[in-house]
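Structure file run.txt; described as compact mmCIF, C-alpha atoms.
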```txt
# COMPACT_ATOMS: atom_id res chain seq x y z
CA MET A 109 -163.91 118.69 85.07
CA GLY A 110 -162.88 121.95 83.39
CA THR A 111 -159.46 121.94 85.08
CA ILE A 112 -158.71 118.45 83.82
CA HIS A 113 -159.47 119.53 80.22
CA ARG A 114 -157.11 122.53 80.31
CA SER A 115 -154.17 120.55 81.71
CA GLY A 116 -154.50 117.99 78.86
CA VAL A 117 -154.32 120.72 76.25
CA LEU A 118 -151.16 122.20 77.81
CA LYS A 119 -149.46 118.79 77.83
CA LYS A 120 -150.14 118.25 74.11
CA THR A 121 -148.82 121.74 73.32
CA ASN A 122 -145.58 121.12 75.20
CA ASP A 123 -145.05 117.78 73.42
CA SER A 124 -145.50 119.41 69.98
CA ALA A 125 -143.07 122.21 70.80
CA ARG A 126 -140.51 119.73 72.05
CA LEU A 127 -140.79 117.72 68.79
CA ILE A 128 -140.35 120.84 66.63
CA ILE A 129 -137.31 122.00 68.59
CA THR A 130 -135.73 118.51 68.37
CA THR A 131 -136.25 118.42 64.59
CA ILE A 132 -134.69 121.87 64.11
CA LEU A 133 -131.66 120.92 66.19
CA GLY A 134 -131.24 117.71 64.16
CA VAL A 135 -131.28 119.60 60.84
CA VAL A 136 -128.75 122.18 62.14
CA PHE A 137 -126.49 119.41 63.43
CA GLY A 138 -126.68 117.54 60.13
CA PHE A 139 -125.86 120.71 58.21
CA PHE A 140 -122.68 121.29 60.20
CA ILE A 141 -121.66 117.66 59.78
CA GLY A 142 -122.10 118.01 56.00
CA VAL A 143 -120.04 121.19 55.86
CA SER A 144 -117.27 119.63 57.92
CA PHE A 145 -117.11 116.49 55.62
CA PRO A 146 -117.98 117.69 52.06
CA SER A 147 -117.04 114.41 50.37
CA VAL A 148 -116.59 110.92 51.73
CA SER A 149 -115.19 108.15 49.51
CA LEU A 150 -116.65 104.73 49.91
CA TYR A 151 -113.16 103.43 49.39
CA LYS A 152 -111.63 105.49 52.23
CA ILE A 153 -114.29 104.05 54.46
CA GLN A 154 -113.24 100.43 54.44
CA LEU A 155 -116.50 98.84 53.42
CA PRO A 156 -116.67 95.20 52.38
CA SER A 157 -115.62 94.66 48.73
CA SER A 158 -119.07 93.33 47.89
CA LEU A 159 -120.52 96.73 48.78
CA ARG A 160 -117.70 98.81 47.29
CA SER A 161 -118.37 97.44 43.80
CA SER A 162 -121.93 98.72 43.86
CA LEU A 163 -123.11 101.73 41.90
CA ASP A 164 -122.50 105.26 43.17
CA VAL A 165 -124.54 108.14 41.85
CA ALA A 166 -122.71 111.24 40.63
CA THR A 167 -124.10 114.37 39.08
CA SER A 168 -122.92 116.39 36.13
CA ASN A 169 -124.73 119.24 34.43
CA ASP A 170 -127.77 118.55 36.58
CA LYS A 171 -128.12 115.07 35.08
CA GLU A 172 -127.51 111.85 36.96
CA PHE A 173 -125.26 109.13 35.63
CA PHE A 174 -123.79 106.00 37.10
CA ILE A 175 -120.15 105.24 37.82
CA VAL A 176 -119.22 101.63 38.45
CA ARG A 177 -116.72 101.46 41.29
CA SER A 178 -114.09 98.83 40.52
CA PRO A 179 -110.38 98.22 40.99
CA GLU A 180 -109.84 99.92 37.61
CA THR A 181 -110.74 103.28 39.20
CA THR A 182 -108.77 102.83 42.43
CA GLY A 183 -105.61 100.94 41.48
CA GLU A 184 -106.40 98.28 44.06
CA ASN A 185 -106.36 94.52 43.70
CA VAL A 186 -105.34 94.37 40.00
CA PRO A 187 -103.37 91.15 39.63
CA LYS A 188 -100.20 90.90 37.56
CA ILE A 189 -101.15 88.74 34.58
CA TYR A 190 -99.25 87.21 31.68
CA VAL A 191 -100.94 84.48 29.66
CA PRO A 192 -98.78 83.47 26.67
CA THR A 193 -101.62 81.43 25.16
CA ASN A 194 -103.81 84.54 24.80
CA PRO A 195 -103.96 86.19 21.35
CA ARG A 196 -100.94 88.34 20.53
CA GLY A 197 -101.19 91.63 22.36
CA ALA A 198 -103.67 90.31 24.94
CA GLU A 199 -101.17 88.44 27.13
CA ARG A 200 -101.69 90.83 30.07
CA LEU A 201 -105.43 90.22 30.23
CA PRO A 202 -107.25 87.50 32.15
CA PRO A 203 -108.50 84.91 29.61
CA GLY A 204 -112.08 85.34 30.80
CA ILE A 205 -112.27 88.90 29.42
CA VAL A 206 -110.56 88.19 26.08
CA VAL A 207 -112.87 88.12 23.03
CA PRO A 208 -110.70 86.90 20.13
CA GLU A 209 -113.41 86.92 17.47
CA SER A 210 -116.07 89.38 16.37
CA ASP A 211 -119.04 89.45 14.00
CA LEU A 212 -121.05 91.74 11.78
CA TYR A 213 -124.32 91.46 13.71
CA LEU A 214 -126.22 94.73 14.00
CA HIS A 215 -127.06 95.88 17.55
CA ARG A 216 -129.52 98.49 18.79
CA LEU A 217 -128.50 101.38 21.04
CA TRP A 218 -130.90 100.67 23.94
CA GLY A 219 -132.25 97.80 26.03
CA GLU A 220 -130.48 94.68 27.24
CA PRO A 221 -127.60 93.53 24.98
CA SER A 222 -128.68 89.92 25.40
CA GLU A 223 -132.02 90.80 23.83
CA ASP A 224 -130.65 92.67 20.80
CA LEU A 225 -130.59 89.78 18.35
CA LYS A 226 -133.83 87.99 17.67
CA LYS A 227 -132.04 85.90 15.04
CA THR A 228 -128.40 85.64 13.99
CA PRO A 229 -127.57 85.13 10.29
CA LYS A 230 -125.74 81.91 9.47
CA TYR A 231 -124.06 83.03 6.26
CA LEU A 232 -122.44 86.18 4.87
CA VAL A 233 -122.98 87.49 1.33
CA THR A 234 -120.85 90.32 -0.02
CA PHE A 235 -121.19 92.24 -3.27
CA THR A 236 -118.82 94.93 -4.52
CA VAL A 237 -121.16 97.39 -6.18
CA GLY A 238 -121.74 100.61 -8.02
CA PHE A 239 -125.13 102.26 -8.00
CA ASP A 240 -125.53 101.77 -11.76
CA GLN A 241 -126.07 98.06 -11.05
CA MET A 242 -128.69 98.66 -8.34
CA ASN A 243 -131.46 96.73 -10.10
CA ASN A 244 -129.29 93.69 -10.63
CA ILE A 245 -128.09 93.73 -7.02
CA ASP A 246 -131.68 94.13 -5.85
CA ALA A 247 -132.57 90.96 -7.76
CA CYS A 248 -129.56 89.16 -6.30
CA VAL A 249 -130.23 90.12 -2.70
CA LYS A 250 -133.83 88.97 -2.94
CA LYS A 251 -132.53 85.46 -3.57
CA PHE A 252 -131.15 85.33 -0.03
CA SER A 253 -133.27 84.86 3.09
CA GLU A 254 -132.79 86.31 6.59
CA ASP A 255 -130.26 83.56 7.23
CA PHE A 256 -127.85 85.53 5.04
CA GLN A 257 -126.26 88.79 6.18
CA ILE A 258 -125.84 91.20 3.25
CA LEU A 259 -122.70 93.33 3.05
CA LEU A 260 -122.22 95.84 0.23
CA PHE A 261 -118.83 97.29 -0.65
CA HIS A 262 -119.38 100.54 -2.58
CA TYR A 263 -116.64 101.42 -5.03
CA ASP A 264 -118.42 104.56 -6.30
CA GLY A 265 -119.04 106.22 -2.92
CA ARG A 266 -122.84 106.21 -3.32
CA THR A 267 -124.56 104.61 -0.35
CA THR A 268 -127.63 106.63 0.71
CA GLU A 269 -129.39 106.00 -2.63
CA TRP A 270 -129.66 102.34 -1.69
CA ASP A 271 -132.13 103.19 1.08
CA GLN A 272 -134.92 102.96 -1.48
CA PHE A 273 -134.66 99.20 -1.03
CA GLU A 274 -136.19 97.89 2.18
CA TRP A 275 -133.51 95.19 2.56
CA SER A 276 -130.79 97.87 2.45
CA LYS A 277 -131.81 99.11 5.91
CA ASN A 278 -130.60 95.84 7.41
CA ALA A 279 -127.55 95.52 5.17
CA ILE A 280 -124.03 96.65 6.06
CA HIS A 281 -122.52 99.31 3.81
CA VAL A 282 -118.80 99.99 3.44
CA SER A 283 -117.74 102.72 1.05
CA VAL A 284 -114.27 103.43 -0.33
CA LYS A 285 -114.01 104.76 -3.86
CA LYS A 286 -112.39 102.82 -6.71
CA GLN A 287 -111.41 99.68 -4.83
CA THR A 288 -111.88 96.04 -5.76
CA LYS A 289 -113.62 93.29 -3.85
CA TRP A 290 -110.31 91.67 -2.91
CA TRP A 291 -109.07 94.97 -1.50
CA TYR A 292 -112.22 95.10 0.61
CA ALA A 293 -112.02 91.43 1.55
CA LYS A 294 -108.47 91.74 2.85
CA ARG A 295 -109.34 94.73 5.02
CA PHE A 296 -112.89 94.02 6.22
CA LEU A 297 -113.33 90.23 6.12
CA HIS A 298 -110.64 89.11 8.52
CA PRO A 299 -111.32 85.48 9.54
CA ASP A 300 -111.80 86.52 13.17
CA VAL A 301 -114.50 89.00 12.11
CA VAL A 302 -116.47 86.61 9.90
CA ALA A 303 -115.94 83.55 12.12
CA PRO A 304 -119.65 83.23 13.10
CA TYR A 305 -120.67 82.64 9.47
CA GLU A 306 -120.60 79.10 8.12
CA TYR A 307 -120.13 80.23 4.53
CA ILE A 308 -118.91 83.48 2.97
CA PHE A 309 -120.03 84.52 -0.53
CA ILE A 310 -117.70 87.01 -2.25
CA TRP A 311 -119.54 87.90 -5.45
CA ASP A 312 -119.30 90.34 -8.33
CA GLU A 313 -122.16 92.70 -9.14
CA ASP A 314 -122.90 91.50 -12.70
CA LEU A 315 -124.39 88.07 -12.02
CA GLY A 316 -127.78 86.87 -13.19
CA VAL A 317 -129.50 84.76 -10.55
CA GLU A 318 -132.79 83.76 -12.16
CA HIS A 319 -131.90 80.07 -11.76
CA PHE A 320 -130.29 80.30 -8.33
CA ASN A 321 -131.72 79.34 -4.94
CA ALA A 322 -129.47 80.16 -1.99
CA GLU A 323 -130.87 77.65 0.53
CA ARG A 324 -130.72 74.86 -2.00
CA TYR A 325 -127.16 75.84 -2.86
CA ILE A 326 -126.09 75.57 0.79
CA GLU A 327 -127.75 72.16 1.04
CA LEU A 328 -125.79 70.84 -1.94
CA VAL A 329 -122.49 72.31 -0.76
CA LYS A 330 -122.87 70.57 2.59
CA ARG A 331 -124.04 67.29 1.04
CA HIS A 332 -121.08 67.09 -1.33
CA GLY A 333 -118.50 68.29 1.18
CA LEU A 334 -117.45 71.41 -0.76
CA GLU A 335 -115.26 73.80 1.23
CA ILE A 336 -114.75 76.10 -1.78
CA SER A 337 -117.37 76.31 -4.50
CA GLN A 338 -119.23 78.41 -7.03
CA PRO A 339 -122.49 78.13 -8.96
CA GLY A 340 -122.21 76.73 -12.46
CA LEU A 341 -122.00 79.31 -15.25
CA GLU A 342 -124.35 79.56 -18.22
CA PRO A 343 -122.31 78.03 -21.08
CA ASN A 344 -123.19 80.66 -23.66
CA ASN A 345 -122.05 83.80 -21.89
CA GLY A 346 -118.95 85.01 -20.04
CA LEU A 347 -117.29 81.57 -19.86
CA THR A 348 -113.50 81.34 -19.57
CA TRP A 349 -112.85 77.84 -18.21
CA GLN A 350 -114.61 74.57 -18.95
CA MET A 351 -114.41 73.64 -15.28
CA THR A 352 -116.91 76.31 -14.28
CA LYS A 353 -119.40 75.59 -17.08
CA ARG A 354 -122.74 74.27 -15.88
CA ARG A 355 -123.38 70.59 -16.52
CA GLY A 356 -127.06 69.99 -17.09
CA ASP A 357 -127.02 66.32 -16.09
CA ARG A 358 -125.81 66.55 -12.48
CA GLN A 359 -126.03 68.50 -9.25
CA VAL A 360 -122.31 69.05 -8.72
CA HIS A 361 -119.08 68.36 -10.59
CA LYS A 362 -115.50 68.45 -9.31
CA LEU A 363 -113.40 67.83 -12.41
CA VAL A 364 -113.50 68.02 -16.22
CA THR A 365 -111.58 66.40 -19.05
CA ASP A 366 -112.53 68.69 -21.95
CA GLU A 367 -110.35 71.72 -21.19
CA LYS A 368 -108.08 73.30 -23.81
CA PRO A 369 -105.33 70.98 -25.13
CA GLY A 370 -102.34 70.84 -22.82
CA TRP A 371 -104.16 72.18 -19.76
CA CYS A 372 -105.08 68.85 -18.14
CA SER A 373 -101.76 67.07 -17.78
CA ASP A 374 -102.86 66.22 -14.24
CA PRO A 375 -106.64 65.68 -13.95
CA HIS A 376 -106.58 66.58 -10.26
CA LEU A 377 -105.05 70.04 -10.72
CA PRO A 378 -106.40 73.42 -11.90
CA PRO A 379 -107.99 74.34 -14.18
CA CYS A 380 -109.36 70.82 -14.63
CA ALA A 381 -110.09 70.14 -10.96
CA ALA A 382 -109.70 71.86 -7.57
CA PHE A 383 -110.68 75.10 -9.28
CA VAL A 384 -113.33 77.83 -9.20
CA GLU A 385 -113.17 81.35 -10.60
CA ILE A 386 -112.91 84.53 -8.54
CA MET A 387 -116.14 86.12 -9.80
CA ALA A 388 -118.53 84.19 -7.51
CA PRO A 389 -116.66 82.02 -5.00
CA VAL A 390 -118.20 80.65 -1.81
CA PHE A 391 -115.91 79.67 1.07
CA SER A 392 -116.50 77.72 4.24
CA ARG A 393 -115.21 79.67 7.22
CA GLU A 394 -112.38 77.13 7.64
CA ALA A 395 -111.26 77.52 4.02
CA TRP A 396 -111.60 81.31 4.18
CA ARG A 397 -109.30 81.46 7.20
CA CYS A 398 -106.56 80.07 4.95
CA VAL A 399 -107.46 81.96 1.77
CA TRP A 400 -107.52 85.35 3.53
CA TYR A 401 -103.87 85.00 4.47
CA MET A 402 -102.96 84.32 0.85
CA ILE A 403 -104.52 87.54 -0.45
CA GLN A 404 -101.81 90.12 -1.08
CA ASN A 405 -102.36 93.68 0.14
CA ASP A 406 -101.16 95.30 -3.06
CA LEU A 407 -102.47 92.79 -5.64
CA VAL A 408 -106.01 94.09 -5.53
CA HIS A 409 -107.58 92.24 -8.48
CA GLY A 410 -107.05 88.72 -7.18
CA TRP A 411 -105.89 87.28 -10.50
CA GLY A 412 -104.07 84.00 -9.97
CA LEU A 413 -105.74 83.39 -6.65
CA ASP A 414 -108.15 80.90 -8.23
CA PHE A 415 -105.27 78.59 -9.24
CA ALA A 416 -103.88 78.66 -5.69
CA LEU A 417 -107.10 77.99 -3.72
CA ARG A 418 -106.31 74.28 -3.69
CA ARG A 419 -103.59 74.93 -1.10
CA CYS A 420 -106.26 75.65 1.51
CA VAL A 421 -108.18 72.34 1.48
CA GLU A 422 -107.18 68.71 1.31
CA PRO A 423 -107.86 66.75 -0.84
CA ALA A 424 -108.55 69.75 -3.05
CA HIS A 425 -110.04 67.81 -5.96
CA GLU A 426 -112.74 66.52 -3.59
CA LYS A 427 -113.44 69.68 -1.60
CA ILE A 428 -113.54 72.24 -4.42
CA GLY A 429 -116.33 72.05 -6.95
CA VAL A 430 -119.07 73.63 -9.03
CA VAL A 431 -122.78 73.43 -8.15
CA ASP A 432 -124.52 72.80 -11.48
CA SER A 433 -128.16 72.67 -10.46
CA GLN A 434 -127.99 76.19 -8.95
CA TRP A 435 -126.46 78.19 -11.74
CA ILE A 436 -125.84 81.81 -12.61
CA ILE A 437 -125.16 83.97 -15.67
CA HIS A 438 -122.07 86.15 -15.93
CA LYS A 439 -123.25 89.34 -17.63
CA VAL A 440 -119.71 90.64 -18.19
CA ILE A 441 -120.41 94.29 -17.38
CA PRO A 442 -117.05 96.14 -17.04
CA SER A 443 -118.41 98.61 -14.50
CA LEU A 444 -115.46 98.61 -12.11
CA GLY A 445 -113.12 98.52 -15.07
CA ASN A 446 -114.55 101.83 -16.18
CA GLN A 447 -113.35 103.33 -12.90
CA GLY A 448 -109.81 103.18 -14.26
CA LYS A 449 -107.80 106.05 -15.70
CA PRO A 450 -107.59 106.61 -19.49
CA GLU A 451 -103.99 106.89 -20.68
CA ASP A 452 -102.44 107.49 -24.11
CA GLY A 453 -105.85 107.54 -25.74
CA ARG A 454 -106.80 104.13 -24.36
CA PRO A 455 -110.15 103.59 -22.57
CA PRO A 456 -110.09 103.17 -18.77
CA TRP A 457 -110.79 99.45 -18.80
CA GLU A 458 -107.64 98.66 -20.82
CA GLY A 459 -105.36 99.97 -18.10
CA VAL A 460 -107.29 97.93 -15.52
CA ARG A 461 -106.99 94.77 -17.61
CA THR A 462 -103.25 95.30 -18.06
CA ARG A 463 -102.78 95.57 -14.32
CA CYS A 464 -104.84 92.40 -13.79
CA LYS A 465 -102.50 90.43 -16.03
CA ASN A 466 -99.42 91.89 -14.39
CA GLU A 467 -100.76 91.03 -10.93
CA TRP A 468 -101.33 87.43 -12.01
CA SER A 469 -97.66 87.11 -12.96
CA MET A 470 -96.53 88.82 -9.75
CA PHE A 471 -98.67 86.55 -7.60
CA GLN A 472 -97.32 83.42 -9.28
CA ASN A 473 -93.75 84.60 -8.73
CA ARG A 474 -94.36 85.41 -5.07
CA LEU A 475 -95.94 82.03 -4.44
CA ALA A 476 -93.14 80.18 -6.20
CA ASN A 477 -90.51 82.13 -4.25
CA ALA A 478 -92.33 81.47 -0.98
CA ASP A 479 -92.28 77.73 -1.74
CA LYS A 480 -88.54 77.86 -2.44
CA GLU A 481 -87.83 79.78 0.76
CA TYR A 482 -89.81 77.29 2.81
CA LEU A 483 -88.07 74.27 1.29
CA ALA A 484 -84.69 75.92 1.78
CA GLN A 485 -85.42 76.37 5.48
CA LEU A 486 -86.13 72.64 5.67
CA GLY A 487 -82.88 71.89 3.86
CA LYS A 488 -84.74 70.54 0.84
CA GLY A 489 -84.24 73.49 -1.52
```
Rewrite the structure from the file as structure tokens, please.
Amino acid sequence: MGTIHRSGVLKKTNDSARLIITTILGVVFGFFIGVSFPSVSLYKIQLPSSLRSSLDVATSNDKEFFIVRSPETTGENVPKIYVPTNPRGAERLPPGIVVPESDLYLHRLWGEPSEDLKKTPKYLVTFTVGFDQMNNIDACVKKFSEDFQILLFHYDGRTTEWDQFEWSKNAIHVSVKKQTKWWYAKRFLHPDVVAPYEYIFIWDEDLGVEHFNAERYIELVKRHGLEISQPGLEPNNGLTWQMTKRRGDRQVHKLVTDEKPGWCSDPHLPPCAAFVEIMAPVFSREAWRCVWYMIQNDLVHGWGLDFALRRCVEPAHEKIGVVDSQWIIHKVIPSLGNQGKPEDGRPPWEGVRTRCKNEWSMFQNRLANADKEYLAQLGKG
């Protein structure tokens, strides 16, 4: 019995030694294989394309990151493409990767992109502001719900001070000193950028909104088919044109007959119809796509634009109007005007006003000349 026990122990010992030796030989063999082939590309080894597009792991500075293997990194299988119907400059791209429009939605830096936006704003509201009017802008912004994206254009360069307002943390801030809202609009509100928004508000900073409800305003604009509109103005303050004066007996009006003598030779033309002012206009995205192209790069005050808005909708006297039941007060605070330069003993605002008038004349001349050039091309000039 004792002999049988000892032979069993020897057999187990031999098996263990054999296993250890085999393991050591395997490690040594693997080491030499690794030294002989320090790097092997998945693309030199002709794996199926479904596997080659998988993620490889590379290391840099002791941290792992992922590289997506694709034809872009190998020069393989990139088709020659030319699609003339793509947007200009994108003809060499496959249509499925082309994104012709953008938005102003705010995204986080982590997580799944598809889960970034719990809710997307339907409308865009812009104010061109200086910090001196912070309390008035605070009152204005609070009139707009989460359905409205707030965008502030800062002409005084002061942006961080606005963080005292909770809503400011979700607003978009663009700062360039001493520029007007039409300068900003031409450069930052391209129709392809604001395309997701049904309506775009482009408002001044000196508006009183005690009698204004944004949701109700949108309801009335849609009900009355207004592509370009503005709230009615309080009759006793800051009123230039009778067309934009609030009528207390109606929700909306689209024309007037009590303008200054000689101004209403055609009741369907500005300033007696098809007309809103440039202080607080609201555009549908379709109308804004046209209006944006009419804004001149160098005519930054926008004077004269209000008389030309009718070119962007048809029939203009039906699709441009004033919402009376949601009205505002123009406080006439020359804050941006004070950003001008005093010359020859004149206050800053006088030089700004002079330029406004000159721009109006220049815009009218450009538009008239453009009409003549177009008609000449048709042989009708």
Taking all atoms listed in the file into account, produce a table as CSV in which each residue of stretch 286-379 of chain A with an atom at most 8 Å from an atom of stretch 423-441 of chain A appears once, together with its shortest atom pair and the distance in Å to one decimal, ordered by chain and rising number.
```
residue,atom,partner,partner_atom,distance
A:Asp314,CA,A:Lys439,CA,5.4
A:Leu315,CA,A:His438,CA,4.9
A:Gly316,CA,A:Ile437,CA,4.6
A:Val317,CA,A:Ile436,CA,5.1
A:Glu318,CA,A:Ile436,CA,7.2
A:His319,CA,A:Trp435,CA,5.8
A:Phe320,CA,A:Gln434,CA,4.8
A:Asn321,CA,A:Gln434,CA,6.3
A:Arg324,CA,A:Gln434,CA,7.6
A:Tyr325,CA,A:Gln434,CA,6.2
A:Leu328,CA,A:Val431,CA,7.4
A:Val329,CA,A:Val431,CA,7.5
A:Gly333,CA,A:Lys427,CA,5.9
A:Leu334,CA,A:Lys427,CA,4.4
A:Glu335,CA,A:Lys427,CA,5.3
A:Ile336,CA,A:Ile428,CA,4.8
A:Ser337,CA,A:Gly429,CA,5.0
A:Gln338,CA,A:Val430,CA,5.2
A:Pro339,CA,A:Val431,CA,4.8
A:Gly340,CA,A:Trp435,CA,4.6
A:Leu341,CA,A:Ile436,CA,5.3
A:Glu342,CA,A:Ile437,CA,5.2
A:Asn345,CA,A:His438,CA,6.4
A:Gly346,CA,A:His438,CA,5.3
A:Leu347,CA,A:His438,CA,7.7
A:Met351,CA,A:Val430,CA,7.8
A:Thr352,CA,A:Val430,CA,6.3
A:Arg354,CA,A:Asp432,CA,5.0
A:Arg355,CA,A:Asp432,CA,5.6
A:Gly356,CA,A:Asp432,CA,6.8
A:Arg358,CA,A:Asp432,CA,6.5
A:Gln359,CA,A:Ser433,CA,4.8
A:Val360,CA,A:Val431,CA,4.4
A:His361,CA,A:Val430,CA,5.5
A:Lys362,CA,A:Gly429,CA,4.4
A:Leu363,CA,A:His425,CA,7.3
A:His376,CA,A:His425,CA,5.7
A:Leu377,CA,A:His425,CA,7.2
```
Dump as JSON lines the rows for residues of stretch 225-322 of chain A within 10 Å of stretch 400-418 of chain A: closest atom pair and distance in Å with one decimal, all atoms listed in the file counted, ordered by chain and rising residue number.
```
{"residue": "A:Gln287", "atom": "CA", "partner": "A:Val408", "partner_atom": "CA", "distance": 7.8}
{"residue": "A:Thr288", "atom": "CA", "partner": "A:Val408", "partner_atom": "CA", "distance": 6.2}
{"residue": "A:Lys289", "atom": "CA", "partner": "A:His409", "partner_atom": "CA", "distance": 7.7}
{"residue": "A:Trp290", "atom": "CA", "partner": "A:Val408", "partner_atom": "CA", "distance": 5.6}
{"residue": "A:Trp291", "atom": "CA", "partner": "A:Val408", "partner_atom": "CA", "distance": 5.1}
{"residue": "A:Tyr292", "atom": "CA", "partner": "A:Val408", "partner_atom": "CA", "distance": 8.8}
{"residue": "A:Ala293", "atom": "CA", "partner": "A:Trp400", "partner_atom": "CA", "distance": 7.8}
{"residue": "A:Lys294", "atom": "CA", "partner": "A:Trp400", "partner_atom": "CA", "distance": 6.5}
{"residue": "A:Arg295", "atom": "CA", "partner": "A:Asn405", "partner_atom": "CA", "distance": 8.6}
{"residue": "A:Leu297", "atom": "CA", "partner": "A:Trp400", "partner_atom": "CA", "distance": 8.0}
{"residue": "A:His298", "atom": "CA", "partner": "A:Trp400", "partner_atom": "CA", "distance": 7.0}
{"residue": "A:Pro299", "atom": "CA", "partner": "A:Trp400", "partner_atom": "CA", "distance": 7.1}
```
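Taking atom CA of A:Leu201 as the reference point, atom CA of A:Asp300 is found at 18.6 Å.
Atom pair atom CA of A:Arg196 / atom CA of A:Phe296 has a distance of 19.5 Å (rounded to one decimal).
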Suppose you want the space between atom CA of A:Phe239 and atom CA of A:Val284; what is it in Å?
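According to the coordinates, atom CA of A:Phe239 and atom CA of A:Val284 are separated by 13.3 Å.
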Kindly indicate which residue among A:Gly265, A:Phe273, A:Asn185, A:Ser373 lies nearest to A:Ala247, using all atoms listed in the file for the distances.
A:Phe273
Near-stretch 224-238 of chain A list (6 Å; only C-alpha atoms; drop same-chain fewer than 5 positions) as a VMD selection string:
chain A and resid 215 255 to 264 289 305 to 313
Option closest in space to A:Ser392, from A:Gly219, A:Val186, A:Glu323, A:Val302 [counting all atoms listed in the file]:
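Distance minimum relative to A:Ser392 lands on A:Val302.
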